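Worksheet: one structure, shown below.
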Amino acid sequence: MTLKRKYNSLKIILNIEIFLVLLLGVSCSFSETSHKRNELGPNAGFERRRVEEYFVSSGVERYFLPEVPYWANFNEEAQCRRKTSIKFFNMDSLRSSLRLSYEESIHLQLMFNHEIQKLKKDKGVSHIPFDKEEDTFYKVSDRIQAGIRIFRKPSFKRVNIIWIDPYVNNEQELAAKLQEPQMYKGHPVFVSLCMTYVELEEWMKKSGLGQKNIRLMSYELLTPYTNSGKLDTSYHLDFDEVLKNKKKYIYIKKGWNIPSVFNGNFKTQKL
């Protein structure tokens with residue numbers, strides 16, 4: 001064998017050895033990654049990320065307003081401090097970018113927060129990575145544009161809107177009020193300025209009212225934007241937009257004043 005042929009043979013053997021070393025390294029890396037994923041369990045992907053692991057966003061964050069801190073998350077008129085913070089949407093950016101109506105935008109805010117809270121509860125975590133939030137936003141947006149809502153407008157022409165926060169610690173009194181003759185003239189809708197939709201559903205079950213076909217309006221329907229798209233200095237819940245073409249009667253517990261956030265054309269009665 002010539003020197004040149006020996007050199008070529010050694011070169012081939014060396015290349016094979018290098019290839020095997022690289023292959024072994026990739027295999028070990030994959031094994032380590034799989035082992036880490038197994039250790040993380042079903043909540044993999046829901047842990048807080050290091051800065052260098054952040055993904056490149058598609059720009060959904062421009063639709064979110066800064067989150068209200070816990071110490072400021074209360075409602076003076078309902079005399080409550082809210083347990084859960086939500087993401088309020090920038091309705092101006094949302095409506096102009098996605099070409100949504102006020103009604104569609106406010107339901108998108110409601111359904112997005114509802115899905116995020118369910119996700120946290122299902123996974124047993126307090127934090128959802130932003131890529132999961134972004135994915136949820138687009139999924140909910142598709143549902144909204146397909147006409148899907150979690151708050152379904154009653155078919156009755158008249159709706160009886162009962163502000164329930166003053167009754168939260170006295171469910172029996174509220175149940176008795178629902179038996180009054182005037183309550184049978186319209187479809188009941190419970191509205192809360194303190195509870196999220198998830199919390200309101202849980203409260204309904206505990207109070208024994210969960211099977212009465214009562215529609216729910218939670219505080220995720222509030223927005224600091226008017227129906228004309230103007231950013232205001234206070235929150236609004238526009239019943240004319242959420243309950244279009246309905247005769248609206250709002251029932252307030254005696255001794256309480258109607259909340260200033262309630263907007264629209266409606267009649268008010270004491271309950």
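As shown in the structure tokens, the chain order sets the letters A, B, ...; within each chain, residues go from 1, and ligands are also counted from 1 in the order they appear.
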Can you list every residue of range 75-146 of chain A that has an atom at most 9 Å from range 222-231 of chain A, with its nearest atom pair and the distance in Å to one decimal, using only C-alpha atoms, ordered by chain then number, as CSV?
residue,atom,partner,partner_atom,distance
A:Phe88,CA,A:Thr223,CA,6.8
A:Phe89,CA,A:Thr223,CA,7.7
A:Asn90,CA,A:Tyr225,CA,8.2
A:Met91,CA,A:Gly229,CA,6.6
A:Asp92,CA,A:Gly229,CA,5.7
A:Arg95,CA,A:Gly229,CA,8.4
A:Tyr102,CA,A:Asn227,CA,6.1
A:Glu103,CA,A:Asn227,CA,8.7
A:Ile106,CA,A:Thr223,CA,7.6
A:Leu110,CA,A:Leu222,CA,8.8
Next, dump the selected residues to file, keeping only all heavy atoms, as an mmCIF file, in the first residue's frame.
data_model
loop_
_atom_site.group_PDB
_atom_site.id
_atom_site.type_symbol
_atom_site.label_atom_id
_atom_site.label_comp_id
_atom_site.auth_asym_id
_atom_site.auth_seq_id
_atom_site.Cartn_x
_atom_site.Cartn_y
_atom_site.Cartn_z
ATOM 1 N N PHE A 88 -57.202 43.713 31.026
ATOM 2 C CA PHE A 88 -58.105 44.587 30.289
ATOM 3 C C PHE A 88 -57.488 44.876 28.926
ATOM 4 O O PHE A 88 -56.270 45.024 28.795
ATOM 5 C CB PHE A 88 -58.333 45.895 31.055
ATOM 6 C CG PHE A 88 -59.164 45.739 32.292
ATOM 7 C CD1 PHE A 88 -58.576 45.663 33.543
ATOM 8 C CD2 PHE A 88 -60.547 45.660 32.208
ATOM 9 C CE1 PHE A 88 -59.334 45.518 34.688
ATOM 10 C CE2 PHE A 88 -61.325 45.511 33.350
ATOM 11 C CZ PHE A 88 -60.717 45.440 34.594
ATOM 12 N N PHE A 89 -58.339 44.971 27.918
ATOM 13 C CA PHE A 89 -57.858 45.150 26.555
ATOM 14 C C PHE A 89 -57.853 46.620 26.144
ATOM 15 O O PHE A 89 -58.698 47.408 26.590
ATOM 16 C CB PHE A 89 -58.735 44.373 25.575
ATOM 17 C CG PHE A 89 -58.491 42.886 25.580
ATOM 18 C CD1 PHE A 89 -57.597 42.307 26.459
ATOM 19 C CD2 PHE A 89 -59.166 42.060 24.696
ATOM 20 C CE1 PHE A 89 -57.369 40.943 26.468
ATOM 21 C CE2 PHE A 89 -58.955 40.694 24.691
ATOM 22 C CZ PHE A 89 -58.054 40.134 25.578
ATOM 23 N N ASN A 90 -56.904 46.933 25.288
ATOM 24 C CA ASN A 90 -56.871 48.240 24.645
ATOM 25 C C ASN A 90 -57.876 48.193 23.497
ATOM 26 O O ASN A 90 -57.576 47.721 22.406
ATOM 27 C CB ASN A 90 -55.461 48.536 24.123
ATOM 28 C CG ASN A 90 -55.339 49.915 23.511
ATOM 29 O OD1 ASN A 90 -56.276 50.425 22.895
ATOM 30 N ND2 ASN A 90 -54.177 50.529 23.660
ATOM 31 N N MET A 91 -59.084 48.649 23.773
ATOM 32 C CA MET A 91 -60.170 48.521 22.802
ATOM 33 C C MET A 91 -59.917 49.316 21.523
ATOM 34 O O MET A 91 -60.379 48.938 20.446
ATOM 35 C CB MET A 91 -61.493 48.965 23.437
ATOM 36 C CG MET A 91 -61.956 48.085 24.577
ATOM 37 S SD MET A 91 -62.265 46.390 24.024
ATOM 38 C CE MET A 91 -62.679 45.593 25.569
ATOM 39 N N ASP A 92 -59.188 50.396 21.645
ATOM 40 C CA ASP A 92 -58.888 51.207 20.465
ATOM 41 C C ASP A 92 -58.029 50.411 19.482
ATOM 42 O O ASP A 92 -58.357 50.288 18.296
ATOM 43 C CB ASP A 92 -58.176 52.491 20.893
ATOM 44 C CG ASP A 92 -57.922 53.426 19.723
ATOM 45 O OD1 ASP A 92 -58.755 53.464 18.799
ATOM 46 O OD2 ASP A 92 -56.887 54.122 19.724
ATOM 47 N N ARG A 95 -60.038 47.084 18.237
ATOM 48 C CA ARG A 95 -61.115 47.283 17.267
ATOM 49 C C ARG A 95 -60.591 47.757 15.914
ATOM 50 O O ARG A 95 -61.083 47.330 14.863
ATOM 51 C CB ARG A 95 -62.132 48.277 17.828
ATOM 52 C CG ARG A 95 -62.865 47.764 19.060
ATOM 53 C CD ARG A 95 -63.836 48.783 19.615
ATOM 54 N NE ARG A 95 -64.929 49.048 18.695
ATOM 55 C CZ ARG A 95 -65.894 49.935 18.911
ATOM 56 N NH1 ARG A 95 -65.896 50.645 20.032
ATOM 57 N NH2 ARG A 95 -66.855 50.113 18.028
ATOM 58 N N TYR A 102 -67.824 46.873 19.287
ATOM 59 C CA TYR A 102 -67.682 46.998 20.738
ATOM 60 C C TYR A 102 -68.112 45.704 21.416
ATOM 61 O O TYR A 102 -67.437 45.197 22.320
ATOM 62 C CB TYR A 102 -68.528 48.170 21.238
ATOM 63 C CG TYR A 102 -68.476 48.388 22.740
ATOM 64 C CD1 TYR A 102 -67.553 49.269 23.299
ATOM 65 C CD2 TYR A 102 -69.347 47.721 23.593
ATOM 66 C CE1 TYR A 102 -67.501 49.476 24.668
ATOM 67 C CE2 TYR A 102 -69.305 47.919 24.960
ATOM 68 C CZ TYR A 102 -68.387 48.799 25.494
ATOM 69 O OH TYR A 102 -68.345 48.988 26.855
ATOM 70 N N GLU A 103 -69.231 45.161 20.970
ATOM 71 C CA GLU A 103 -69.757 43.925 21.559
ATOM 72 C C GLU A 103 -68.781 42.768 21.376
ATOM 73 O O GLU A 103 -68.534 41.987 22.302
ATOM 74 C CB GLU A 103 -71.114 43.590 20.918
ATOM 75 C CG GLU A 103 -71.814 42.369 21.506
ATOM 76 C CD GLU A 103 -71.445 41.075 20.784
ATOM 77 O OE1 GLU A 103 -70.927 41.151 19.647
ATOM 78 O OE2 GLU A 103 -71.648 39.997 21.374
ATOM 79 N N ILE A 106 -65.586 43.356 23.709
ATOM 80 C CA ILE A 106 -65.783 43.143 25.141
ATOM 81 C C ILE A 106 -65.971 41.657 25.451
ATOM 82 O O ILE A 106 -65.549 41.157 26.494
ATOM 83 C CB ILE A 106 -66.973 43.989 25.660
ATOM 84 C CG1 ILE A 106 -66.847 44.204 27.174
ATOM 85 C CG2 ILE A 106 -68.304 43.375 25.327
ATOM 86 C CD1 ILE A 106 -65.672 45.048 27.571
ATOM 87 N N LEU A 110 -63.708 39.111 27.814
ATOM 88 C CA LEU A 110 -64.326 38.180 28.760
ATOM 89 C C LEU A 110 -63.848 36.749 28.525
ATOM 90 O O LEU A 110 -63.399 36.062 29.454
ATOM 91 C CB LEU A 110 -65.849 38.249 28.634
ATOM 92 C CG LEU A 110 -66.656 37.121 29.296
ATOM 93 C CD1 LEU A 110 -66.465 37.120 30.804
ATOM 94 C CD2 LEU A 110 -68.141 37.242 28.936
#
* Asked: Neighbours of Gly255 in chain A within 12 Å (only C-alpha atoms; same-chain residues fewer than 4 positions away dropped), as an MDAnalysis selection string?
  -> chainID A and resid 166 251 269:271
Could you write out, as a PDB file with N, CA, C and O atoms, in the first residue's frame, all the residues of range 96-252 of chain A that DSSP marks as strand (DSSP E or B)?
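As written to disk, states-v3.pdb reads:
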ATOM      1  N   ARG A 158     -87.646  40.851  27.445  1.00  0.00           N
ATOM      2  CA  ARG A 158     -87.305  41.596  28.666  1.00  0.00           C
ATOM      3  C   ARG A 158     -86.279  40.801  29.471  1.00  0.00           C
ATOM      4  O   ARG A 158     -86.377  39.582  29.601  1.00  0.00           O
ATOM      5  N   VAL A 159     -85.288  41.521  30.008  1.00  0.00           N
ATOM      6  CA  VAL A 159     -84.304  40.886  30.885  1.00  0.00           C
ATOM      7  C   VAL A 159     -84.309  41.602  32.232  1.00  0.00           C
ATOM      8  O   VAL A 159     -84.390  42.831  32.299  1.00  0.00           O
ATOM      9  N   ASN A 160     -84.255  40.810  33.287  1.00  0.00           N
ATOM     10  CA  ASN A 160     -84.164  41.341  34.648  1.00  0.00           C
ATOM     11  C   ASN A 160     -82.717  41.205  35.116  1.00  0.00           C
ATOM     12  O   ASN A 160     -82.249  40.098  35.393  1.00  0.00           O
ATOM     13  N   ILE A 161     -82.025  42.317  35.174  1.00  0.00           N
ATOM     14  CA  ILE A 161     -80.615  42.329  35.557  1.00  0.00           C
ATOM     15  C   ILE A 161     -80.524  42.563  37.057  1.00  0.00           C
ATOM     16  O   ILE A 161     -80.924  43.620  37.552  1.00  0.00           O
ATOM     17  N   ILE A 162     -80.019  41.574  37.776  1.00  0.00           N
ATOM     18  CA  ILE A 162     -79.920  41.685  39.232  1.00  0.00           C
ATOM     19  C   ILE A 162     -78.461  41.863  39.620  1.00  0.00           C
ATOM     20  O   ILE A 162     -77.618  41.007  39.306  1.00  0.00           O
ATOM     21  N   TRP A 163     -78.168  42.973  40.269  1.00  0.00           N
ATOM     22  CA  TRP A 163     -76.814  43.210  40.775  1.00  0.00           C
ATOM     23  C   TRP A 163     -76.656  42.403  42.061  1.00  0.00           C
ATOM     24  O   TRP A 163     -77.299  42.691  43.071  1.00  0.00           O
ATOM     25  N   HIS A 187     -86.181  37.394  31.719  1.00  0.00           N
ATOM     26  CA  HIS A 187     -85.136  36.392  31.962  1.00  0.00           C
ATOM     27  C   HIS A 187     -84.109  36.973  32.939  1.00  0.00           C
ATOM     28  O   HIS A 187     -83.592  38.066  32.726  1.00  0.00           O
ATOM     29  N   PRO A 188     -83.774  36.239  34.012  1.00  0.00           N
ATOM     30  CA  PRO A 188     -82.822  36.765  35.001  1.00  0.00           C
ATOM     31  C   PRO A 188     -81.379  36.756  34.494  1.00  0.00           C
ATOM     32  O   PRO A 188     -80.923  35.788  33.876  1.00  0.00           O
ATOM     33  N   VAL A 189     -80.693  37.851  34.775  1.00  0.00           N
ATOM     34  CA  VAL A 189     -79.269  37.981  34.458  1.00  0.00           C
ATOM     35  C   VAL A 189     -78.572  38.500  35.708  1.00  0.00           C
ATOM     36  O   VAL A 189     -78.925  39.561  36.217  1.00  0.00           O
ATOM     37  N   PHE A 190     -77.615  37.755  36.214  1.00  0.00           N
ATOM     38  CA  PHE A 190     -76.837  38.191  37.374  1.00  0.00           C
ATOM     39  C   PHE A 190     -75.612  38.955  36.893  1.00  0.00           C
ATOM     40  O   PHE A 190     -74.894  38.492  35.997  1.00  0.00           O
ATOM     41  N   VAL A 191     -75.354  40.105  37.515  1.00  0.00           N
ATOM     42  CA  VAL A 191     -74.162  40.872  37.177  1.00  0.00           C
ATOM     43  C   VAL A 191     -73.359  41.119  38.452  1.00  0.00           C
ATOM     44  O   VAL A 191     -73.919  41.436  39.501  1.00  0.00           O
ATOM     45  N   ARG A 215     -78.389  33.791  33.380  1.00  0.00           N
ATOM     46  CA  ARG A 215     -77.216  34.233  32.624  1.00  0.00           C
ATOM     47  C   ARG A 215     -76.305  35.065  33.533  1.00  0.00           C
ATOM     48  O   ARG A 215     -76.792  35.764  34.436  1.00  0.00           O
ATOM     49  N   LEU A 216     -75.004  35.000  33.259  1.00  0.00           N
ATOM     50  CA  LEU A 216     -74.020  35.626  34.139  1.00  0.00           C
ATOM     51  C   LEU A 216     -73.209  36.695  33.411  1.00  0.00           C
ATOM     52  O   LEU A 216     -72.739  36.477  32.294  1.00  0.00           O
ATOM     53  N   MET A 217     -73.032  37.823  34.087  1.00  0.00           N
ATOM     54  CA  MET A 217     -72.181  38.899  33.584  1.00  0.00           C
ATOM     55  C   MET A 217     -71.168  39.230  34.681  1.00  0.00           C
ATOM     56  O   MET A 217     -71.537  39.727  35.741  1.00  0.00           O
ATOM     57  N   THR A 223     -64.842  47.815  31.053  1.00  0.00           N
ATOM     58  CA  THR A 223     -63.772  48.376  30.236  1.00  0.00           C
ATOM     59  C   THR A 223     -63.644  49.868  30.522  1.00  0.00           C
ATOM     60  O   THR A 223     -64.651  50.537  30.790  1.00  0.00           O
ATOM     61  N   PRO A 224     -62.431  50.404  30.479  1.00  0.00           N
ATOM     62  CA  PRO A 224     -62.264  51.852  30.645  1.00  0.00           C
ATOM     63  C   PRO A 224     -62.551  52.631  29.360  1.00  0.00           C
ATOM     64  O   PRO A 224     -62.354  53.841  29.321  1.00  0.00           O
ATOM     65  N   TYR A 225     -63.020  51.931  28.321  1.00  0.00           N
ATOM     66  CA  TYR A 225     -63.337  52.584  27.049  1.00  0.00           C
ATOM     67  C   TYR A 225     -64.847  52.744  26.894  1.00  0.00           C
ATOM     68  O   TYR A 225     -65.621  51.858  27.266  1.00  0.00           O
ATOM     69  N   LEU A 231     -60.930  56.374  25.499  1.00  0.00           N
ATOM     70  CA  LEU A 231     -60.402  55.948  26.795  1.00  0.00           C
ATOM     71  C   LEU A 231     -60.865  56.926  27.858  1.00  0.00           C
ATOM     72  O   LEU A 231     -60.610  58.124  27.783  1.00  0.00           O
ATOM     73  N   ASP A 232     -61.561  56.405  28.864  1.00  0.00           N
ATOM     74  CA  ASP A 232     -62.163  57.245  29.893  1.00  0.00           C
ATOM     75  C   ASP A 232     -61.386  57.111  31.202  1.00  0.00           C
ATOM     76  O   ASP A 232     -60.444  56.322  31.312  1.00  0.00           O
ATOM     77  N   THR A 233     -61.820  57.857  32.201  1.00  0.00           N
ATOM     78  CA  THR A 233     -61.174  57.812  33.517  1.00  0.00           C
ATOM     79  C   THR A 233     -61.895  56.867  34.472  1.00  0.00           C
ATOM     80  O   THR A 233     -61.509  56.761  35.636  1.00  0.00           O
ATOM     81  N   SER A 234     -62.931  56.201  34.002  1.00  0.00           N
ATOM     82  CA  SER A 234     -63.671  55.244  34.832  1.00  0.00           C
ATOM     83  C   SER A 234     -64.085  54.053  33.972  1.00  0.00           C
ATOM     84  O   SER A 234     -64.002  54.097  32.742  1.00  0.00           O
ATOM     85  N   TYR A 235     -64.540  53.001  34.643  1.00  0.00           N
ATOM     86  CA  TYR A 235     -64.976  51.799  33.932  1.00  0.00           C
ATOM     87  C   TYR A 235     -66.407  51.953  33.430  1.00  0.00           C
ATOM     88  O   TYR A 235     -67.183  52.766  33.933  1.00  0.00           O
ATOM     89  N   HIS A 236     -66.727  51.113  32.441  1.00  0.00           N
ATOM     90  CA  HIS A 236     -68.071  51.120  31.870  1.00  0.00           C
ATOM     91  C   HIS A 236     -68.543  49.687  31.647  1.00  0.00           C
ATOM     92  O   HIS A 236     -67.752  48.807  31.299  1.00  0.00           O
ATOM     93  N   LEU A 237     -69.841  49.486  31.842  1.00  0.00           N
ATOM     94  CA  LEU A 237     -70.503  48.252  31.423  1.00  0.00           C
ATOM     95  C   LEU A 237     -71.741  48.703  30.658  1.00  0.00           C
ATOM     96  O   LEU A 237     -72.729  49.127  31.251  1.00  0.00           O
ATOM     97  N   ASP A 238     -71.660  48.633  29.344  1.00  0.00           N
ATOM     98  CA  ASP A 238     -72.712  49.172  28.482  1.00  0.00           C
ATOM     99  C   ASP A 238     -73.733  48.080  28.170  1.00  0.00           C
ATOM    100  O   ASP A 238     -73.504  47.217  27.328  1.00  0.00           O
ATOM    101  N   LYS A 247     -85.552  44.928  26.501  1.00  0.00           N
ATOM    102  CA  LYS A 247     -86.051  45.800  27.560  1.00  0.00           C
ATOM    103  C   LYS A 247     -85.314  45.424  28.836  1.00  0.00           C
ATOM    104  O   LYS A 247     -85.393  44.285  29.292  1.00  0.00           O
ATOM    105  N   LYS A 248     -84.605  46.389  29.383  1.00  0.00           N
ATOM    106  CA  LYS A 248     -83.711  46.085  30.498  1.00  0.00           C
ATOM    107  C   LYS A 248     -84.229  46.703  31.802  1.00  0.00           C
ATOM    108  O   LYS A 248     -84.446  47.910  31.880  1.00  0.00           O
ATOM    109  N   TYR A 249     -84.391  45.845  32.797  1.00  0.00           N
ATOM    110  CA  TYR A 249     -84.776  46.269  34.141  1.00  0.00           C
ATOM    111  C   TYR A 249     -83.651  45.862  35.092  1.00  0.00           C
ATOM    112  O   TYR A 249     -83.317  44.676  35.190  1.00  0.00           O
ATOM    113  N   ILE A 250     -83.090  46.842  35.768  1.00  0.00           N
ATOM    114  CA  ILE A 250     -82.003  46.559  36.704  1.00  0.00           C
ATOM    115  C   ILE A 250     -82.543  46.629  38.126  1.00  0.00           C
ATOM    116  O   ILE A 250     -83.157  47.626  38.531  1.00  0.00           O
ATOM    117  N   TYR A 251     -82.300  45.561  38.873  1.00  0.00           N
ATOM    118  CA  TYR A 251     -82.788  45.467  40.245  1.00  0.00           C
ATOM    119  C   TYR A 251     -81.623  45.643  41.220  1.00  0.00           C
ATOM    120  O   TYR A 251     -80.617  44.933  41.138  1.00  0.00           O
ATOM    121  N   ILE A 252     -81.817  46.603  42.130  1.00  0.00           N
ATOM    122  CA  ILE A 252     -80.796  46.949  43.111  1.00  0.00           C
ATOM    123  C   ILE A 252     -81.348  46.700  44.512  1.00  0.00           C
ATOM    124  O   ILE A 252     -82.506  47.028  44.807  1.00  0.00           O
TER     125      ILE A 252
END
* Residue with smallest distance to Met183 in chain A - pool A:Ile214, A:Lys132, A:Cys80, A:Lys254, counting only C-alpha atoms -> A:Ile214
* Nearest to Lys153 in chain A: which of A:Tyr197, A:Tyr184, A:Tyr70, A:Phe239 is it, counting only C-alpha atoms? -> A:Phe239
* Could you give me, as a ChimeraX atom specification, each residue of range 87-148 of chain A that DSSP assigns to alpha helix (DSSP H) when run on this structure's backbone? => /A:91-98,102-123,130-145
* Structure fact -> Counting only C-alpha atoms, closest pick from A:Val198, A:Asp142, A:Val261, A:Lys205 relative to Glu171 in chain A is A:Lys205
